[in-house]
$ cat entry10.cif   # mmCIF, C-alpha atoms and all ligand atoms
data_final
#
loop_
_atom_site.label_atom_id
_atom_site.label_comp_id
_atom_site.auth_asym_id
_atom_site.auth_seq_id
_atom_site.Cartn_x
_atom_site.Cartn_y
_atom_site.Cartn_z
CA MET A 1 0.00 0.00 0.00
CA PRO A 2 1.55 3.33 -1.03
CA ASN A 3 2.15 6.01 1.59
CA THR A 4 -0.52 8.57 0.72
CA ALA A 5 -0.25 10.90 3.70
CA HIS A 6 1.63 13.57 1.77
CA ILE A 7 -0.59 13.66 -1.31
CA ALA A 8 -4.13 12.77 -0.34
CA GLN A 9 -5.01 16.37 0.42
CA ALA A 10 -4.04 17.55 -3.05
CA ALA A 11 -5.33 14.58 -5.05
CA PRO A 12 -8.01 15.58 -7.56
CA ALA A 13 -11.23 13.53 -7.65
CA ILE A 14 -11.36 10.49 -9.93
CA ASN A 15 -14.26 10.29 -12.43
CA VAL A 16 -15.38 6.84 -13.56
CA TRP A 17 -18.01 5.35 -15.86
CA GLN A 18 -19.33 1.81 -16.18
CA GLN A 19 -19.32 1.51 -19.96
CA ASP A 20 -17.69 -0.43 -22.75
CA ALA A 21 -14.25 1.06 -23.46
CA VAL A 22 -14.93 1.89 -27.13
CA ASP A 23 -18.38 3.35 -26.40
CA TRP A 24 -16.84 5.47 -23.65
CA LEU A 25 -14.06 6.73 -25.91
CA ARG A 26 -16.67 7.72 -28.50
CA MET A 27 -18.22 10.06 -25.91
CA GLN A 28 -14.95 11.88 -25.29
CA PRO A 29 -14.09 15.07 -27.23
CA ASN A 30 -11.17 15.19 -29.66
CA GLN A 31 -7.76 15.73 -28.00
CA SER A 32 -9.24 15.84 -24.49
CA VAL A 33 -6.83 13.36 -22.87
CA ASN A 34 -3.08 13.78 -22.30
CA LEU A 35 -2.18 10.16 -21.56
CA ILE A 36 -3.79 6.71 -21.76
CA VAL A 37 -2.40 3.93 -19.58
CA THR A 38 -4.46 0.78 -19.81
CA ASP A 39 -4.52 -2.97 -19.43
CA PRO A 40 -7.21 -4.61 -21.60
CA ALA A 41 -8.74 -7.94 -20.67
CA TYR A 42 -7.05 -9.51 -23.69
CA GLU A 43 -8.30 -12.73 -25.26
CA SER A 44 -5.10 -14.70 -24.73
CA LEU A 45 -5.79 -14.69 -20.98
CA GLU A 46 -8.34 -17.38 -21.85
CA LYS A 47 -5.56 -19.64 -23.07
CA HIS A 48 -3.89 -19.59 -19.67
CA ARG A 49 -7.21 -20.30 -18.00
CA ALA A 50 -7.96 -23.20 -20.33
CA ILE A 51 -4.78 -25.03 -19.34
CA GLY A 52 -5.41 -24.36 -15.70
CA THR A 53 -2.33 -22.32 -14.89
CA THR A 54 -4.01 -19.04 -14.11
CA THR A 55 -5.63 -19.83 -10.85
CA ARG A 56 -5.83 -16.20 -9.81
CA LEU A 57 -8.07 -15.47 -12.80
CA LYS A 58 -10.64 -18.02 -11.68
CA GLN A 59 -13.23 -17.46 -9.04
CA SER A 60 -11.53 -18.43 -5.83
CA ASP A 61 -11.28 -17.58 -2.17
CA ALA A 62 -8.33 -15.41 -3.11
CA SER A 63 -10.60 -13.07 -4.97
CA SER A 64 -14.26 -12.33 -4.40
CA ASN A 65 -14.57 -11.11 -7.99
CA THR A 66 -16.29 -13.11 -10.64
CA TRP A 67 -14.00 -13.37 -13.63
CA PHE A 68 -14.60 -10.49 -16.06
CA PRO A 69 -15.27 -10.79 -19.81
CA THR A 70 -12.41 -10.44 -22.27
CA PHE A 71 -12.07 -7.77 -24.95
CA PRO A 72 -12.19 -9.42 -28.41
CA ASN A 73 -9.15 -9.10 -30.67
CA ASP A 74 -11.30 -7.90 -33.57
CA ARG A 75 -12.24 -4.75 -31.61
CA TYR A 76 -8.71 -3.34 -31.23
CA LEU A 77 -8.82 -1.30 -34.44
CA ASP A 78 -11.89 0.60 -33.20
CA LEU A 79 -10.25 1.00 -29.79
CA PHE A 80 -7.01 2.44 -31.19
CA ILE A 81 -8.78 4.71 -33.70
CA GLU A 82 -10.84 6.23 -30.89
CA ALA A 83 -7.91 6.40 -28.47
CA TYR A 84 -5.85 8.24 -31.12
CA ARG A 85 -8.67 10.72 -31.67
CA VAL A 86 -9.17 11.60 -27.98
CA LEU A 87 -5.46 11.93 -27.22
CA GLU A 88 -3.80 15.34 -27.34
CA LYS A 89 -1.62 16.07 -30.36
CA ASN A 90 1.63 15.22 -28.57
CA SER A 91 0.98 12.36 -26.19
CA HIS A 92 1.63 8.77 -25.23
CA MET A 93 -0.38 5.59 -24.79
CA TYR A 94 0.74 2.54 -22.82
CA VAL A 95 -0.97 -0.83 -23.27
CA MET A 96 -0.15 -3.64 -20.85
CA CYS A 97 -0.22 -7.03 -22.55
CA ASP A 98 1.33 -10.44 -22.91
CA GLN A 99 3.58 -11.25 -25.87
CA GLU A 100 0.85 -12.92 -27.90
CA THR A 101 -1.48 -9.93 -27.69
CA GLY A 102 1.37 -7.43 -28.05
CA LEU A 103 2.51 -8.89 -31.35
CA LEU A 104 -1.09 -9.00 -32.59
CA ILE A 105 -2.03 -5.43 -31.68
CA LYS A 106 1.20 -3.60 -32.63
CA PRO A 107 0.32 -3.33 -36.35
CA ILE A 108 -3.26 -2.42 -35.45
CA ALA A 109 -2.07 0.49 -33.30
CA GLU A 110 0.17 1.63 -36.16
CA GLN A 111 -2.75 1.38 -38.59
CA ALA A 112 -4.70 3.74 -36.32
CA GLY A 113 -1.89 6.31 -36.58
CA PHE A 114 0.32 5.63 -33.56
CA LYS A 115 4.09 5.46 -33.66
CA PHE A 116 5.22 2.24 -31.99
CA TRP A 117 8.40 2.78 -29.97
CA LYS A 118 8.97 -0.45 -28.07
CA PHE A 119 7.72 -3.00 -25.64
CA ILE A 120 8.77 -2.08 -22.12
CA THR A 121 9.23 -5.08 -19.84
CA TRP A 122 7.56 -5.25 -16.46
CA ASP A 123 9.72 -7.52 -14.26
CA LYS A 124 7.52 -8.90 -11.47
CA LEU A 125 10.60 -9.98 -9.48
CA SER A 126 9.18 -13.48 -8.92
CA ILE A 127 7.80 -16.21 -11.13
CA GLY A 128 4.08 -16.54 -11.69
CA MET A 129 1.67 -18.30 -14.02
CA GLY A 130 2.62 -20.04 -17.23
CA TYR A 131 2.94 -23.50 -18.66
CA HIS A 132 6.27 -23.37 -20.47
CA TYR A 133 8.89 -21.13 -18.86
CA ARG A 134 6.75 -19.58 -16.16
CA ASN A 135 6.12 -15.87 -16.50
CA GLN A 136 8.22 -13.39 -14.61
CA THR A 137 7.58 -10.57 -17.05
CA GLU A 138 4.85 -8.86 -19.02
CA TRP A 139 5.03 -6.25 -21.74
CA VAL A 140 3.88 -2.66 -21.87
CA MET A 141 3.47 -1.38 -25.42
CA PHE A 142 4.76 2.20 -25.69
CA LEU A 143 2.95 4.26 -28.36
CA GLU A 144 3.20 7.90 -29.35
CA LYS A 145 0.93 10.38 -31.12
CA GLY A 146 2.94 13.32 -32.45
CA LYS A 147 6.01 13.89 -30.31
CA ARG A 148 6.24 14.15 -26.52
CA ARG A 149 9.45 14.08 -24.49
CA LEU A 150 9.65 11.59 -21.66
CA HIS A 151 10.19 13.16 -18.24
CA ASP A 152 13.26 11.05 -17.42
CA LEU A 153 15.30 9.95 -20.42
CA SER A 154 17.55 7.79 -18.24
CA MET A 155 14.77 5.38 -17.25
CA PRO A 156 15.51 1.81 -18.45
CA ASP A 157 13.06 -0.28 -20.46
CA VAL A 158 12.77 -2.85 -17.67
CA LEU A 159 10.55 -1.68 -14.83
CA GLN A 160 10.86 -3.71 -11.66
CA HIS A 161 7.84 -3.84 -9.39
CA LYS A 162 6.74 -6.72 -7.23
CA ARG A 163 3.59 -8.50 -8.36
CA ILE A 164 0.45 -8.19 -6.23
CA HIS A 165 -0.92 -11.31 -4.59
CA LYS A 166 -4.57 -11.90 -3.80
CA GLY A 167 -5.82 -8.59 -5.12
CA TYR A 168 -8.12 -7.83 -8.05
CA PRO A 169 -7.46 -10.45 -10.77
CA THR A 170 -4.48 -9.31 -12.89
CA GLU A 171 -3.96 -6.29 -10.62
CA LYS A 172 -0.86 -4.30 -11.56
CA PRO A 173 1.31 -2.64 -8.89
CA PRO A 174 0.87 1.09 -8.20
CA GLY A 175 4.59 1.70 -8.77
CA LEU A 176 4.37 0.47 -12.36
CA TYR A 177 1.59 2.95 -13.08
CA GLU A 178 3.46 5.73 -11.27
CA ASP A 179 6.55 5.25 -13.45
CA LEU A 180 4.53 5.48 -16.68
CA ILE A 181 2.35 8.38 -15.54
CA GLU A 182 5.32 10.44 -14.33
CA GLN A 183 7.19 9.76 -17.57
CA SER A 184 4.39 10.85 -19.89
CA SER A 185 2.17 13.41 -18.14
CA ALA A 186 2.41 16.46 -15.91
CA PRO A 187 0.39 17.48 -12.84
CA GLY A 188 -2.98 18.91 -13.89
CA GLU A 189 -3.14 16.87 -17.10
CA VAL A 190 -5.80 14.25 -17.88
CA VAL A 191 -4.90 10.55 -17.58
CA ALA A 192 -7.36 7.89 -18.77
CA ASP A 193 -7.64 4.14 -18.16
CA LEU A 194 -10.17 2.32 -20.36
CA PHE A 195 -10.09 -1.01 -18.45
CA PHE A 196 -9.32 0.18 -14.94
CA GLY A 197 -9.85 -3.05 -12.94
CA SER A 198 -8.61 -2.41 -9.41
CA GLY A 199 -8.25 1.26 -10.29
CA ASN A 200 -4.57 1.34 -9.36
CA GLY A 201 -3.80 3.39 -12.47
CA LEU A 202 -6.46 5.98 -11.69
CA LEU A 203 -5.44 6.15 -8.04
CA ALA A 204 -1.78 6.60 -8.99
CA ALA A 205 -2.72 9.39 -11.40
CA ALA A 206 -4.78 11.18 -8.74
CA ARG A 207 -2.04 10.84 -6.12
CA LEU A 208 0.35 12.43 -8.62
CA GLY A 209 -2.01 15.38 -9.11
CA ARG A 210 -3.42 14.33 -12.51
CA HIS A 211 -7.11 14.34 -13.43
CA ALA A 212 -7.94 10.63 -13.62
CA ILE A 213 -10.85 9.40 -15.73
CA GLY A 214 -11.79 5.91 -16.82
CA THR A 215 -14.21 3.12 -17.42
CA ASP A 216 -14.67 -0.56 -16.62
CA ILE A 217 -17.71 -2.69 -17.37
CA ALA A 218 -17.38 -4.94 -14.30
CA PRO A 219 -19.30 -4.03 -11.13
CA ALA A 220 -16.53 -5.74 -9.13
CA ALA A 221 -13.99 -3.23 -10.48
CA HIS A 222 -16.12 -0.31 -9.32
CA GLN A 223 -16.55 -1.83 -5.87
CA PHE A 224 -12.83 -2.53 -5.57
CA LEU A 225 -11.84 0.99 -6.62
CA ALA A 226 -14.43 2.58 -4.32
CA SER A 227 -12.93 0.80 -1.35
CA GLN A 228 -9.35 1.73 -2.33
CA ALA A 229 -10.24 5.36 -2.95
CA ASP A 230 -11.94 5.54 0.41
CA THR A 231 -8.90 4.07 2.17
CA GLN A 232 -6.60 6.52 0.40
CA GLY A 233 -8.86 9.55 1.02
CA ILE A 234 -9.37 10.25 -2.69
CA ALA A 235 -12.80 11.42 -3.90
CA LEU A 236 -14.46 9.18 -6.51
CA ASN A 237 -17.35 10.24 -8.75
CA HIS A 238 -19.47 7.63 -10.56
CA CYS A 239 -20.57 9.46 -13.68
C1 LIG B 301 -6.78 -6.97 -17.05
S1 LIG B 301 -8.07 -6.22 -16.14
C2 LIG B 301 -7.38 -4.68 -15.61
C3 LIG B 301 -6.60 -4.83 -14.35
C4 LIG B 301 -5.95 -3.53 -13.93
N1 LIG B 301 -4.84 -3.21 -14.76
C5 LIG B 301 -5.48 -3.57 -12.49
O1 LIG B 301 -4.33 -3.18 -12.21
O2 LIG B 301 -6.26 -3.97 -11.64
C6 LIG B 301 -9.14 -5.78 -17.42
C7 LIG B 301 -10.43 -5.09 -17.03
O3 LIG B 301 -11.12 -4.82 -18.25
C8 LIG B 301 -12.51 -4.84 -17.97
N2 LIG B 301 -13.22 -4.97 -19.25
C9 LIG B 301 -13.40 -6.09 -20.01
N3 LIG B 301 -14.04 -5.79 -21.14
C10 LIG B 301 -14.27 -4.45 -21.12
C11 LIG B 301 -14.86 -3.54 -22.03
N4 LIG B 301 -15.38 -3.95 -23.19
N5 LIG B 301 -14.89 -2.23 -21.70
C12 LIG B 301 -14.39 -1.80 -20.50
N6 LIG B 301 -13.83 -2.62 -19.59
C13 LIG B 301 -13.75 -3.92 -19.91
C14 LIG B 301 -12.69 -5.98 -17.02
O4 LIG B 301 -13.86 -5.84 -16.26
C15 LIG B 301 -11.40 -5.90 -16.18
O5 LIG B 301 -11.62 -5.23 -14.96
#
$ encode --input "entry10.cif" --output "structure tokens" --more "lines below"
Ligand SMILES: C[S@@+](CC[C@H](N)C(=O)[O-])C[C@H]1O[C@@H](n2cnc3c(N)ncnc32)[C@H](O)[C@@H]1O
Amino acid sequence: MPNTAHIAQAAPAINVWQQDAVDWLRMQPNQSVNLIVTDPAYESLEKHRAIGTTTRLKQSDASSNTWFPTFPNDRYLDLFIEAYRVLEKNSHMYVMCDQETGLLIKPIAEQAGFKFWKFITWDKLSIGMGYHYRNQTEWVMFLEKGKRRLHDLSMPDVLQHKRIHKGYPTEKPPGLYEDLIEQSSAPGEVVADLFFGSGNGLLAAARLGRHAIGTDIAPAAHQFLASQADTQGIALNHC
């Protein structure tokens, strides 16, 4: 749990919707968002479930959440076209993914207009799920619209943050979000997450003084975020 004592007072409220990601993007004005950091419920998660290695993604005592639906591969072009439209002229988008989805969606993001820079590696510092060569890493696809300078040009392309156990299924650590948000946005700017899950990305953005907005279709995600926001003293508006 991050130490929030020094920032809670200044954290702007988080605004969330319970809508499909593409429908939600279609409601947003052109160039109204400075940064998108997101982690879609990609289809290849199903593969891990099918071979029984992804126990945390199943309903279990470890998580009170029912497993959420996946986002179909054939919807990524619409998603990236809309994301490109709502992003400011000079801005970044980060998409968390596994290798299978990353390789599939890279050309789709480029087709929508993004410049693909690289896959950043998230090192979870311990082994996790997987059938062959168990996973210690995931990818974060780094995309650019126009040209925006990163805050810290000395940051390596391997980000080390300990995985989270027994949280929201596939929950990513706050520190991972903080690195990406600090690199590609400034206080007062708008940061969006289209598949917010636990809400760690939105909470990190608010703690860093950004205006955090986002959507998730799962009621469990909204309940999880509400509880976290309450604990951290950050106001949350359900729009
Ligand atoms: C991989 S999880 C995100 C986890 C998040 N990164 C975290 O740290 O907790 C993906 C989320 O996408 C949501 N989701 C699935 N399909 C969606 C859709 N069409 N539109 C919006 N959210 C969707 C799921 O409910 C789930 O919470």
$ residues_around --input "entry10.cif" --residues "Val158 (chain A)" --least-positions-apart "6" --cutoff "12 Å" --atoms "only C-alpha atoms" --output "ChimeraX atom specification"
/A:118-125,136-140,176,179-180
$ write_last_selection --input "entry10.cif" --atoms "C-alpha atoms" --output "PDB file, keeping the file's coordinate frame"
ATOM      1  CA  LYS A 118       8.970  -0.450 -28.070  1.00  0.00           C
ATOM      2  CA  PHE A 119       7.720  -3.000 -25.640  1.00  0.00           C
ATOM      3  CA  ILE A 120       8.770  -2.080 -22.120  1.00  0.00           C
ATOM      4  CA  THR A 121       9.230  -5.080 -19.840  1.00  0.00           C
ATOM      5  CA  TRP A 122       7.560  -5.250 -16.460  1.00  0.00           C
ATOM      6  CA  ASP A 123       9.720  -7.520 -14.260  1.00  0.00           C
ATOM      7  CA  LYS A 124       7.520  -8.900 -11.470  1.00  0.00           C
ATOM      8  CA  LEU A 125      10.600  -9.980  -9.480  1.00  0.00           C
ATOM      9  CA  GLN A 136       8.220 -13.390 -14.610  1.00  0.00           C
ATOM     10  CA  THR A 137       7.580 -10.570 -17.050  1.00  0.00           C
ATOM     11  CA  GLU A 138       4.850  -8.860 -19.020  1.00  0.00           C
ATOM     12  CA  TRP A 139       5.030  -6.250 -21.740  1.00  0.00           C
ATOM     13  CA  VAL A 140       3.880  -2.660 -21.870  1.00  0.00           C
ATOM     14  CA  LEU A 176       4.370   0.470 -12.360  1.00  0.00           C
ATOM     15  CA  ASP A 179       6.550   5.250 -13.450  1.00  0.00           C
ATOM     16  CA  LEU A 180       4.530   5.480 -16.680  1.00  0.00           C
TER      17      LEU A 180
END
$ residues_near_point --input "entry10.cif" --point "(-1.3, 15.8, -30.5)" --cutoff "8 Å" --atoms "all atoms listed in the file" --output "PyMOL selection string"
chain A and resi 31+87-91+145-147
$ atom_distance --input "entry10.cif" --atom1 "CA of Phe224 (chain A)" --atom2 "CA of Pro40 (chain A)"
17.1 Å
$ residues_near_ligand --input "entry10.cif" --ligand "ligand LIG 301 (chain B)" --cutoff "7 Å" --atoms "all atoms listed in the file" --output "number ranges by chain"
A: 19-22, 38-41, 68-71, 168-173, 194-201, 215-218, 221
$ residues_around --input "entry10.cif" --residues "Ser32 (chain A)" --least-positions-apart "3" --cutoff "9 Å" --atoms "all atoms listed in the file" --output "list in words"
Gln28, Pro29, Arg85, Val86, Leu87, Glu88 and Val190 of chain A
$ write_last_selection --input "entry10.cif" --atoms "C-alpha atoms" --output "PDB file, in the coordinates of the input"
ATOM      1  CA  GLN A  28     -14.950  11.880 -25.290  1.00  0.00           C
ATOM      2  CA  PRO A  29     -14.090  15.070 -27.230  1.00  0.00           C
ATOM      3  CA  ARG A  85      -8.670  10.720 -31.670  1.00  0.00           C
ATOM      4  CA  VAL A  86      -9.170  11.600 -27.980  1.00  0.00           C
ATOM      5  CA  LEU A  87      -5.460  11.930 -27.220  1.00  0.00           C
ATOM      6  CA  GLU A  88      -3.800  15.340 -27.340  1.00  0.00           C
ATOM      7  CA  VAL A 190      -5.800  14.250 -17.880  1.00  0.00           C
TER       8      VAL A 190
END
